[in-house]
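Dropping entry08.cif in here (mmCIF, C-alpha atoms):
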```cif
data_data
loop_
_atom_site.label_atom_id
_atom_site.label_comp_id
_atom_site.auth_asym_id
_atom_site.auth_seq_id
_atom_site.Cartn_x
_atom_site.Cartn_y
_atom_site.Cartn_z
CA MET A 1 8.51 -30.22 152.02
CA THR A 2 5.43 -28.48 150.77
CA LEU A 3 5.63 -26.85 147.23
CA ARG A 4 4.19 -23.51 146.69
CA PRO A 5 1.54 -23.18 143.94
CA LYS A 6 3.38 -20.23 142.38
CA THR A 7 6.58 -22.25 141.90
CA ILE A 8 4.73 -25.05 140.06
CA LEU A 9 2.72 -22.79 137.69
CA LEU A 10 5.64 -20.79 136.27
CA PRO A 11 7.47 -23.66 134.50
CA ALA A 12 4.23 -25.03 133.12
CA LEU A 13 3.28 -21.66 131.71
CA ALA A 14 6.69 -21.32 129.98
CA LEU A 15 6.24 -24.69 128.28
CA VAL A 16 2.82 -23.73 126.99
CA LEU A 17 4.09 -20.44 125.58
CA ALA A 18 7.00 -22.19 123.79
CA ALA A 19 4.64 -24.67 122.19
CA LEU A 20 2.33 -21.93 121.00
CA TYR A 21 5.29 -19.99 119.51
CA GLY A 22 6.44 -23.04 117.60
CA LEU A 23 3.00 -23.61 116.15
CA GLY A 24 2.83 -19.96 115.08
CA VAL A 25 6.16 -20.09 113.28
CA HIS A 26 5.19 -23.28 111.46
CA ALA A 27 1.87 -21.79 110.45
CA ALA A 28 3.60 -18.65 109.17
CA ASP A 29 6.12 -20.68 107.06
CA GLU A 30 3.48 -22.90 105.51
CA PRO A 31 1.98 -20.21 103.18
CA LYS A 32 5.48 -19.23 102.05
CA LYS A 33 6.27 -22.85 101.13
CA GLU A 34 3.01 -23.22 99.32
CA ALA A 35 3.63 -19.98 97.46
CA LYS A 36 7.11 -21.19 96.48
CA ASP A 37 5.78 -24.52 95.24
CA GLY A 38 3.08 -22.76 93.29
CA LYS A 39 5.62 -20.52 91.55
CA ALA A 40 7.71 -23.52 90.44
CA ALA A 41 4.70 -25.21 89.03
CA ALA A 42 3.64 -22.20 86.91
CA PRO A 43 4.22 -22.70 83.12
CA VAL A 44 7.13 -20.84 81.40
CA LYS A 45 5.93 -18.02 79.11
CA ALA A 46 6.87 -18.44 75.41
CA ALA A 47 9.29 -15.83 74.03
CA LEU A 48 7.78 -15.85 70.53
CA THR A 49 5.23 -17.61 68.38
CA VAL A 50 6.99 -19.14 65.39
CA THR A 51 6.38 -21.34 62.40
CA VAL A 52 8.73 -24.27 61.96
CA THR A 53 9.90 -25.75 58.71
CA GLN A 54 12.20 -28.50 57.48
CA ALA A 55 14.84 -28.58 54.77
CA GLN A 56 13.42 -29.71 51.44
CA THR A 57 15.17 -31.27 48.46
CA ALA A 58 14.94 -29.30 45.22
CA LYS A 59 16.76 -29.03 41.92
CA LEU A 60 18.74 -25.81 41.79
CA PRO A 61 20.57 -24.38 38.80
CA MET A 62 24.34 -24.69 38.86
CA LYS A 63 26.06 -21.46 37.90
CA ILE A 64 29.59 -20.12 37.66
CA SER A 65 29.99 -16.42 38.38
CA ALA A 66 32.64 -14.28 36.71
CA ASN A 67 33.61 -10.70 35.94
CA GLY A 68 35.24 -9.24 32.87
CA ASN A 69 35.42 -6.54 30.24
CA ILE A 70 33.10 -6.01 27.30
CA ALA A 71 35.03 -5.50 24.08
CA PRO A 72 34.43 -5.51 20.31
CA TRP A 73 34.39 -8.94 18.69
CA GLN A 74 36.79 -7.55 16.07
CA GLU A 75 37.92 -4.04 15.24
CA ALA A 76 38.93 -2.75 11.80
CA SER A 77 41.39 0.11 11.37
CA VAL A 78 40.29 2.20 8.39
CA GLY A 79 43.14 4.29 6.97
CA THR A 80 44.30 5.98 3.80
CA GLU A 81 46.24 4.30 1.00
CA ALA A 82 46.78 7.54 -0.89
CA ASN A 83 50.02 9.35 -0.08
CA GLY A 84 50.25 13.11 0.31
CA LEU A 85 46.64 13.98 -0.58
CA ARG A 86 44.55 16.58 1.24
CA LEU A 87 41.44 15.36 3.08
CA ALA A 88 38.55 17.25 1.54
CA GLU A 89 35.46 15.73 3.18
CA VAL A 90 34.56 13.54 6.19
CA ARG A 91 31.21 11.77 5.90
CA ALA A 92 31.13 9.58 9.04
CA ASN A 93 31.37 10.21 12.74
CA VAL A 94 31.64 8.20 15.96
CA GLY A 95 28.56 6.09 16.57
CA ASP A 96 27.43 5.94 12.94
CA VAL A 97 26.23 2.59 11.66
CA VAL A 98 27.83 2.03 8.25
CA LYS A 99 27.56 -0.54 5.47
CA LYS A 100 30.32 -2.30 3.61
CA GLY A 101 31.58 -0.08 0.76
CA GLN A 102 30.04 3.11 2.16
CA VAL A 103 32.19 6.22 1.58
CA LEU A 104 33.55 7.53 4.89
CA ALA A 105 35.93 10.26 3.68
CA VAL A 106 37.04 11.85 0.39
CA PHE A 107 40.50 13.21 -0.56
CA ALA A 108 41.12 15.95 -3.08
CA SER A 109 41.87 14.02 -6.29
CA ASP A 110 42.99 16.72 -8.77
CA THR A 111 46.56 15.43 -8.88
CA VAL A 112 45.65 11.79 -9.29
CA GLN A 113 43.06 12.65 -11.92
CA ALA A 114 45.76 14.39 -13.94
CA ASP A 115 48.02 11.36 -13.54
CA LEU A 116 45.18 9.19 -14.78
CA LEU A 117 44.78 11.26 -17.95
CA GLN A 118 48.51 11.13 -18.57
CA ALA A 119 48.56 7.36 -18.17
CA LYS A 120 45.61 7.06 -20.52
CA ALA A 121 47.45 9.07 -23.17
CA ALA A 122 50.51 6.88 -22.73
CA VAL A 123 48.37 3.82 -23.41
CA ALA A 124 47.05 5.37 -26.60
CA GLU A 125 50.58 6.21 -27.75
CA ALA A 126 51.79 2.69 -27.01
CA GLU A 127 48.89 1.21 -28.96
CA ALA A 128 49.78 3.37 -32.01
CA MET A 129 53.41 2.36 -31.87
CA LEU A 130 52.41 -1.26 -31.55
CA GLY A 131 50.24 -0.96 -34.63
CA GLU A 132 53.13 0.41 -36.70
CA ALA A 133 55.57 -2.18 -35.40
CA ALA A 134 53.10 -4.99 -36.08
CA ALA A 135 52.63 -3.83 -39.69
CA ASN A 136 56.40 -3.71 -40.30
CA ALA A 137 56.83 -7.14 -38.80
CA GLN A 138 54.07 -8.52 -41.00
CA ARG A 139 55.69 -7.15 -44.17
CA ALA A 140 59.01 -8.61 -43.10
CA ARG A 141 57.43 -12.01 -42.71
CA GLU A 142 55.88 -11.78 -46.18
CA LEU A 143 59.04 -10.53 -47.94
CA GLY A 144 61.49 -12.68 -46.08
CA PRO A 145 61.07 -15.82 -48.21
CA ALA A 146 61.51 -13.79 -51.42
CA GLY A 147 64.93 -12.50 -50.28
CA ALA A 148 63.90 -8.82 -50.54
CA LEU A 149 65.05 -8.15 -46.95
CA SER A 150 68.11 -9.30 -45.18
CA GLY A 151 67.87 -11.50 -42.17
CA GLN A 152 69.01 -8.68 -39.91
CA GLN A 153 66.26 -6.34 -41.11
CA ILE A 154 63.64 -8.99 -40.64
CA ASN A 155 64.89 -9.63 -37.11
CA ASN A 156 64.79 -5.88 -36.33
CA TYR A 157 61.16 -5.63 -37.42
CA LEU A 158 60.11 -8.62 -35.38
CA THR A 159 61.98 -7.34 -32.32
CA GLY A 160 60.35 -3.92 -32.76
CA GLU A 161 56.91 -5.55 -32.69
CA ARG A 162 57.65 -7.37 -29.42
CA THR A 163 59.10 -4.20 -27.89
CA ALA A 164 56.01 -2.19 -28.79
CA GLN A 165 53.82 -4.88 -27.29
CA ALA A 166 55.76 -4.72 -24.01
CA ARG A 167 55.56 -0.93 -23.93
CA LEU A 168 51.79 -1.14 -24.34
CA GLU A 169 51.54 -3.56 -21.44
CA ALA A 170 53.64 -1.20 -19.28
CA ALA A 171 51.46 1.74 -20.23
CA LYS A 172 48.33 -0.19 -19.34
CA ALA A 173 49.83 -1.10 -15.95
CA SER A 174 50.61 2.56 -15.29
CA TYR A 175 47.07 3.44 -16.25
CA ARG A 176 45.75 0.82 -13.80
CA VAL A 177 47.88 2.30 -11.02
CA ALA A 178 46.48 5.74 -11.78
CA GLN A 179 42.95 4.35 -11.61
CA LEU A 180 43.68 2.79 -8.22
CA ARG A 181 45.04 6.09 -6.91
CA VAL A 182 41.86 7.80 -8.02
CA ALA A 183 39.79 5.14 -6.27
CA GLN A 184 41.90 5.48 -3.13
CA ALA A 185 40.90 9.10 -2.92
CA GLN A 186 37.68 7.74 -1.40
CA VAL A 187 37.92 5.93 1.95
CA VAL A 188 35.26 3.22 2.21
CA ALA A 189 34.09 0.93 5.02
CA PRO A 190 35.63 -2.56 4.76
CA ASP A 191 32.65 -4.19 6.50
CA ASN A 192 29.31 -3.48 8.14
CA GLY A 193 29.72 -2.05 11.60
CA ILE A 194 29.75 0.90 13.95
CA ILE A 195 32.31 3.71 13.95
CA SER A 196 33.99 3.63 17.38
CA ALA A 197 36.72 6.24 16.81
CA ARG A 198 37.55 8.98 14.32
CA SER A 199 40.81 10.85 13.82
CA ALA A 200 40.08 12.23 10.31
CA THR A 201 40.28 16.03 10.04
CA VAL A 202 39.27 18.04 7.01
CA GLY A 203 42.24 19.78 5.38
CA ALA A 204 44.90 17.42 6.72
CA VAL A 205 47.51 16.13 4.28
CA LEU A 206 48.13 12.57 5.33
CA PRO A 207 50.73 9.93 4.52
CA ALA A 208 49.76 6.47 3.35
CA GLY A 209 48.72 4.16 6.20
CA GLN A 210 47.41 6.91 8.51
CA GLU A 211 44.39 5.66 10.51
CA LEU A 212 41.24 7.71 9.96
CA PHE A 213 38.51 5.59 11.60
CA ARG A 214 38.12 2.57 13.85
CA LEU A 215 35.23 0.24 13.13
CA ILE A 216 33.51 -2.39 15.31
CA ARG A 217 32.94 -5.11 12.74
CA GLN A 218 29.28 -6.06 12.33
CA GLY A 219 28.53 -4.21 15.58
CA ARG A 220 29.27 -7.41 17.53
CA LEU A 221 30.41 -7.22 21.15
CA GLU A 222 31.79 -9.94 23.38
CA TRP A 223 32.23 -10.42 27.12
CA ARG A 224 35.72 -11.52 28.08
CA ALA A 225 34.99 -13.25 31.38
CA GLU A 226 37.81 -14.02 33.80
CA VAL A 227 37.12 -17.49 35.17
CA ALA A 228 39.12 -19.38 37.79
CA SER A 229 41.21 -22.17 36.31
CA ALA A 230 39.35 -24.77 38.40
CA ASP A 231 36.09 -23.90 36.62
CA LEU A 232 37.40 -23.64 33.05
CA ALA A 233 36.96 -27.35 32.37
CA ARG A 234 33.23 -27.08 33.16
CA LEU A 235 32.62 -24.48 30.45
CA LYS A 236 32.10 -25.49 26.83
CA PRO A 237 31.34 -23.57 23.62
CA GLY A 238 27.62 -23.08 23.19
CA MET A 239 26.77 -22.71 26.88
CA VAL A 240 24.46 -19.85 27.83
CA ALA A 241 25.59 -16.91 29.97
CA SER A 242 23.65 -14.03 31.52
CA VAL A 243 25.58 -10.77 31.64
CA VAL A 244 24.73 -7.59 33.56
CA ALA A 245 26.70 -4.50 32.55
CA THR A 246 25.26 -2.05 35.12
CA ASN A 247 23.00 -2.35 38.14
CA THR A 248 20.14 -0.68 36.27
CA ALA A 249 20.51 -2.56 32.99
CA ALA A 250 18.57 -5.68 32.08
CA PRO A 251 20.59 -8.90 31.79
CA VAL A 252 21.91 -9.70 28.32
CA THR A 253 21.97 -13.28 27.11
CA GLY A 254 25.21 -14.49 25.56
CA LYS A 255 26.71 -17.71 24.25
CA VAL A 256 30.19 -19.04 24.90
CA ARG A 257 32.20 -18.88 21.68
CA MET A 258 35.60 -19.99 22.90
CA VAL A 259 37.50 -20.88 26.08
CA ALA A 260 41.07 -19.57 26.08
CA PRO A 261 43.70 -22.30 25.79
CA THR A 262 45.97 -20.63 28.37
CA VAL A 263 45.68 -19.36 31.95
CA ASP A 264 47.26 -16.18 33.29
CA ALA A 265 50.27 -17.11 35.43
CA GLN A 266 49.66 -14.22 37.85
CA THR A 267 45.91 -14.46 38.50
CA ARG A 268 45.37 -18.14 37.62
CA ASN A 269 42.32 -17.06 35.63
CA GLY A 270 41.44 -17.94 32.06
CA ILE A 271 39.46 -15.88 29.56
CA VAL A 272 36.11 -17.15 28.28
CA TYR A 273 34.84 -15.33 25.19
CA VAL A 274 31.07 -14.86 25.16
CA ASP A 275 29.18 -13.47 22.16
CA LEU A 276 26.56 -10.99 23.35
CA GLY A 277 23.16 -10.21 21.90
CA ALA A 278 22.27 -6.70 20.83
CA SER A 279 21.45 -4.35 23.72
CA PRO A 280 21.48 -0.54 24.02
CA ASP A 281 22.74 -0.84 27.60
CA VAL A 282 25.94 -2.70 26.69
CA LYS A 283 28.91 -0.66 25.48
CA ALA A 284 32.47 -1.61 24.62
CA GLY A 285 34.82 -0.91 27.52
CA MET A 286 32.30 -1.66 30.27
CA TYR A 287 33.18 -3.96 33.17
CA ALA A 288 30.39 -6.50 33.60
CA ARG A 289 29.47 -9.40 35.84
CA GLY A 290 27.67 -12.51 34.75
CA GLU A 291 26.86 -16.15 35.31
CA PHE A 292 27.25 -19.30 33.23
CA ASP A 293 24.43 -21.84 33.38
CA ILE A 294 26.01 -25.31 33.55
CA GLY A 295 23.00 -27.43 34.55
CA GLN A 296 21.06 -28.44 37.68
CA SER A 297 21.70 -30.45 40.83
CA GLU A 298 19.71 -31.55 43.87
CA ALA A 299 20.19 -29.68 47.13
CA LEU A 300 18.66 -29.23 50.60
CA THR A 301 17.02 -25.82 50.81
CA LEU A 302 15.40 -23.63 53.45
CA PRO A 303 13.57 -20.31 53.24
CA GLN A 304 16.13 -17.54 53.44
CA GLY A 305 14.36 -16.19 56.51
CA ALA A 306 15.25 -19.39 58.39
CA VAL A 307 18.98 -18.65 58.19
CA VAL A 308 20.32 -16.03 60.59
CA LEU A 309 23.67 -14.27 60.12
CA ARG A 310 25.52 -13.71 63.39
CA ASP A 311 29.18 -12.78 63.88
CA GLY A 312 29.92 -13.56 60.24
CA PHE A 313 28.47 -17.10 60.39
CA ASN A 314 25.15 -18.59 59.30
CA TYR A 315 22.91 -20.23 61.87
CA VAL A 316 19.54 -21.94 62.07
CA LEU A 317 17.46 -22.19 65.22
CA LYS A 318 16.43 -25.79 65.84
CA VAL A 319 13.24 -26.40 67.82
CA GLY A 320 13.31 -29.41 70.17
CA PRO A 321 10.43 -31.51 71.54
CA ASP A 322 10.31 -29.23 74.61
CA SER A 323 9.84 -26.17 72.33
CA LYS A 324 13.25 -24.87 73.31
CA VAL A 325 15.47 -23.23 70.70
CA THR A 326 18.98 -24.46 69.96
CA GLN A 327 21.31 -22.44 67.75
CA SER A 328 23.26 -24.46 65.13
CA LYS A 329 25.86 -23.31 62.62
CA VAL A 330 25.24 -24.31 58.97
CA GLY A 331 26.98 -23.92 55.63
CA VAL A 332 25.11 -22.18 52.83
CA GLY A 333 25.45 -22.21 49.05
CA ARG A 334 23.27 -21.14 46.16
CA ARG A 335 20.35 -18.74 46.50
CA VAL A 336 17.36 -19.05 44.18
CA GLY A 337 14.33 -16.86 44.76
CA ASP A 338 13.44 -17.04 48.46
CA ARG A 339 15.31 -20.33 48.98
CA ILE A 340 18.87 -20.91 50.12
CA GLU A 341 20.94 -24.08 49.82
CA ILE A 342 22.16 -25.71 53.04
CA THR A 343 25.45 -27.49 52.41
CA SER A 344 26.28 -28.71 55.92
CA GLY A 345 25.12 -28.75 59.53
CA LEU A 346 21.48 -29.79 58.99
CA ASP A 347 19.45 -32.82 57.97
CA ALA A 348 16.02 -33.00 56.39
CA GLN A 349 14.28 -34.27 59.57
CA THR A 350 15.25 -31.38 61.85
CA LYS A 351 12.65 -28.69 62.51
CA VAL A 352 13.89 -25.13 62.49
CA VAL A 353 12.35 -21.70 62.98
CA ALA A 354 11.10 -20.53 59.59
CA ALA A 355 11.22 -16.79 60.31
CA GLY A 356 11.98 -14.39 63.13
CA GLY A 357 15.05 -16.23 64.36
CA GLY A 358 16.88 -12.96 64.81
CA PHE A 359 14.73 -12.22 67.86
CA LEU A 360 15.54 -15.51 69.60
CA ALA A 361 18.51 -16.71 71.61
CA GLU A 362 19.86 -20.06 72.76
CA GLY A 363 17.43 -21.77 75.17
CA ASP A 364 14.39 -19.57 74.48
CA VAL A 365 11.03 -21.29 74.62
CA VAL A 366 8.70 -20.69 71.69
CA ARG A 367 5.12 -21.47 70.81
CA VAL A 368 5.24 -23.60 67.68
CA VAL A 369 2.90 -23.43 64.71
CA GLU A 370 3.59 -26.34 62.38
CA ALA A 371 3.95 -25.93 58.59
CA THR A 372 3.13 -28.53 55.98
CA PRO A 373 5.97 -29.89 53.85
CA ALA A 374 7.07 -27.65 51.01
CA VAL A 375 5.64 -28.36 47.58
CA PRO A 376 8.05 -28.21 44.60
CA ALA A 377 7.04 -25.41 42.29
CA PRO A 378 7.57 -25.39 38.51
CA GLY A 379 11.15 -24.66 37.52
CA GLY A 380 12.79 -26.64 40.31
CA SER A 381 12.16 -24.17 43.14
CA VAL A 382 10.40 -25.13 46.36
CA LYS A 383 7.24 -23.37 47.50
CA PRO A 384 6.32 -23.84 51.19
CA VAL A 385 2.63 -24.09 52.11
CA ALA A 386 1.70 -22.98 55.62
CA ALA A 387 -0.59 -25.15 57.69
CA PRO A 388 -3.60 -23.69 59.52
CA LYS A 389 -2.89 -22.59 63.07
CA LYS A 390 -3.85 -24.99 65.79
#
```
Step by step, read the file and then write its structure as structure tokens.
Amino acid sequence: MTLRPKTILLPALALVLAALYGLGVHAADEPKKEAKDGKAAAPVKAALTVTVTQAQTAKLPMKISANGNIAPWQEASVGTEANGLRLAEVRANVGDVVKKGQVLAVFASDTVQADLLQAKAAVAEAEAMLGEAAANAQRARELGPAGALSGQQINNYLTGERTAQARLEAAKASYRVAQLRVAQAQVVAPDNGIISARSATVGAVLPAGQELFRLIRQGRLEWRAEVASADLARLKPGMVASVVATNTAAPVTGKVRMVAPTVDAQTRNGIVYVDLGASPDVKAGMYARGEFDIGQSEALTLPQGAVVLRDGFNYVLKVGPDSKVTQSKVGVGRRVGDRIEITSGLDAQTKVVAAGGGFLAEGDVVRVVEATPAVPAPGGSVKPVAAPKK
């Protein structure tokens, strides 16, 4: 059978077209594959340029914080000893600085002055009677041996002398009482100090014992710090405390005078009495905060900017060899200057982001600029020194 040329050419042409189509598809996919491979090979862009640092050991001060009231070291209640006298003059007011023995108030003393004169006259009368009785007794002693006087008369004269002597002593005692009442007409300061309260009113007739003034003895104030019972054993008399009465006032230096021997059963706090230095910003009745300096201890520290607060926890951002950031929770303690103590969750060899960690997240890639090890500064703090950029 003879084949027709047309029948032979059609299948061959179909095969050629299929081959050309396949080559075209492969050629079209090749640029896409190359483009995909090129994209995977491109470097990842850094999220942030950071400086890394490492925890450094430094000596930090150990302090115990506390709050408490400021109160007078001792208060003196200045009252009247005179009974029923009218207050004629008040010479001191609240806030006055007074000296021991200074007159603060004066009572009208006309009545007690008259009593003093009467007592003085009674002393003079008793002295005259004693003189007469003494003369009679002396004559009785001289005439007794001669028998000119009976034994009873002699005894009467001698008894009269002793009685007159006793009456003179009583008169002198009454005179002394009158002098004291005159002196009590003036109210004087019992010690140096500052007047903190005054209830004296001119014209008032007051009973004995009525308070007129209240005095802060020697102007001394103390801070009564409430300290947890667990910390009381670490505080000793003589330790230094820094007390701040208000946010705008400068700290006042004090010294522990006494640690209370008991602890409050409700709060489990004990009172530590701290003598305060003179300061115009500190007033009795203020509520103050302060710290006790109990020494130094070594600690791992980081710049405060290296610690990030998130969701109520403290974190540092560790930088791995691949420049990727890993978030790690740490415990923090004391803060001194720009340094913060790391109590857990970090060792001294780990590199962390020194600043700007708040802008980074877990897995971010950063461009690292190394920092030289921190150099201890005077006073126990640590001062980091940045290295030149590479």
Smallest atom-to-atom distance to Ala361 (chain A): which of A:Arg214, A:Lys324, A:Arg198, A:Lys45, using only C-alpha atoms? A:Lys324
If you count only C-alpha atoms, which residues fall within 9 Å of Thr80 (chain A), apart from same-chain ones fewer than 3 positions away, as number ranges by chain? A: 83, 184-187, 206-212
Within 9 Å of (39.7, -19.1, 41.7), in the coordinates the file gives, what residues turn up when you count all atoms listed in the file, written out as a ChimeraX atom specification? /A:227-231,267-269
I'd like the interatomic distance between CA of Asp338 (chain A) and CA of Gly356 (chain A), to a tenth of an Å. 15.0 Å
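Closest to Gln296 (chain A) among A:Lys63, A:Arg167, A:Arg310, A:Lys329 is A:Lys63, based on only C-alpha atoms.
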Carefully work through the PyMOL selection byres ((chain A and resi 257) around 8) for this structure and note down the residues it includes, as a PyMOL selection string. chain A and resi 237-238+255-256+258-259+272-275
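Restricting the calculation to only C-alpha atoms, the smallest distance between Phe213 (chain A) and any of A:Lys351, A:Leu317, A:Ile195, A:Thr246 is found for A:Ile195.
Residues matched by the PyMOL selection byres ((chain A and resi 105-121) around 8) in this file: Leu85, Arg86, Leu87, Ala88, Glu89, Val90, Arg91, Ala92, Val103, Leu104, Ala122, Val123, Ala124, Glu125, Ala171, Lys172, Ser174, Tyr175, Ala178, Gln179, Arg181, Val182, Ala185, Gln186, Val187 and Val188 of chain A.
Distance check against Gly101 (chain A) using all atoms listed in the file: of A:Asn155, A:Asn192, A:Thr53, A:Asn67, the minimum falls on A:Asn192.
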For the file shown, report as a list in words the outcome of the PyMOL selection byres ((chain A and resi 300) around 7) at residue level. Ala55, Gln56, Thr57, Ala58, Ala299, Thr301, Glu341 and Ile342 of chain A
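Going from CA of Gln327 (chain A) to CA of Ala354 (chain A) covers 13.2 Å.
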Determine, for each residue of region 153-250 of chain A having at least one atom at most 8 Å from an atom of region 139-147 of chain A, the closest pair of atoms and their separation in Å to one decimal, counting only C-alpha atoms; order by chain and ascending number, as a Markdown table.
```
| residue | atom | partner | partner_atom | distance |
| --- | --- | --- | --- | --- |
| A:Gln153 | CA | A:Ala140 | CA | 7.9 |
| A:Ile154 | CA | A:Ala140 | CA | 5.3 |
| A:Tyr157 | CA | A:Ala140 | CA | 6.8 |
| A:Leu158 | CA | A:Ala140 | CA | 7.8 |
```
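Going from CA of Val205 (chain A) over to CA of Gln74 (chain A), you cover 28.5 Å.
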Please determine, counting all atoms listed in the file, which residue among A:Ser196, A:Ser279, A:Ser297, A:Ser323 has the shortest atom-to-atom distance to Val97 (chain A).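 Nearest candidate to Val97 (chain A) out of A:Ser196, A:Ser279, A:Ser297, A:Ser323: A:Ser196.
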Check the smallest atom-to-atom distance from each of A:Pro61, A:Pro321, A:Gly331, A:Gly219 to Val282 (chain A) using only C-alpha atoms, then report the winner. A:Gly219
Considering all atoms listed in the file, return as a PyMOL selection string whatever protein or nucleic-acid residues lie within 6 Å of Glu75 (chain A), sequence-local ones (same chain, fewer than 3 positions apart) excluded. chain A and resi 215-217
If you take every atom of region 250-268 of chain A that the file lists and fit an axis-aligned box around them with 6 Å extra on each side, what centre and edge lengths come out in Å to one decimal, as JSON?
```
{"center_x": 34.4, "center_y": -14.0, "center_z": 30.1, "size_x": 43.7, "size_y": 28.6, "size_z": 28.8}
```
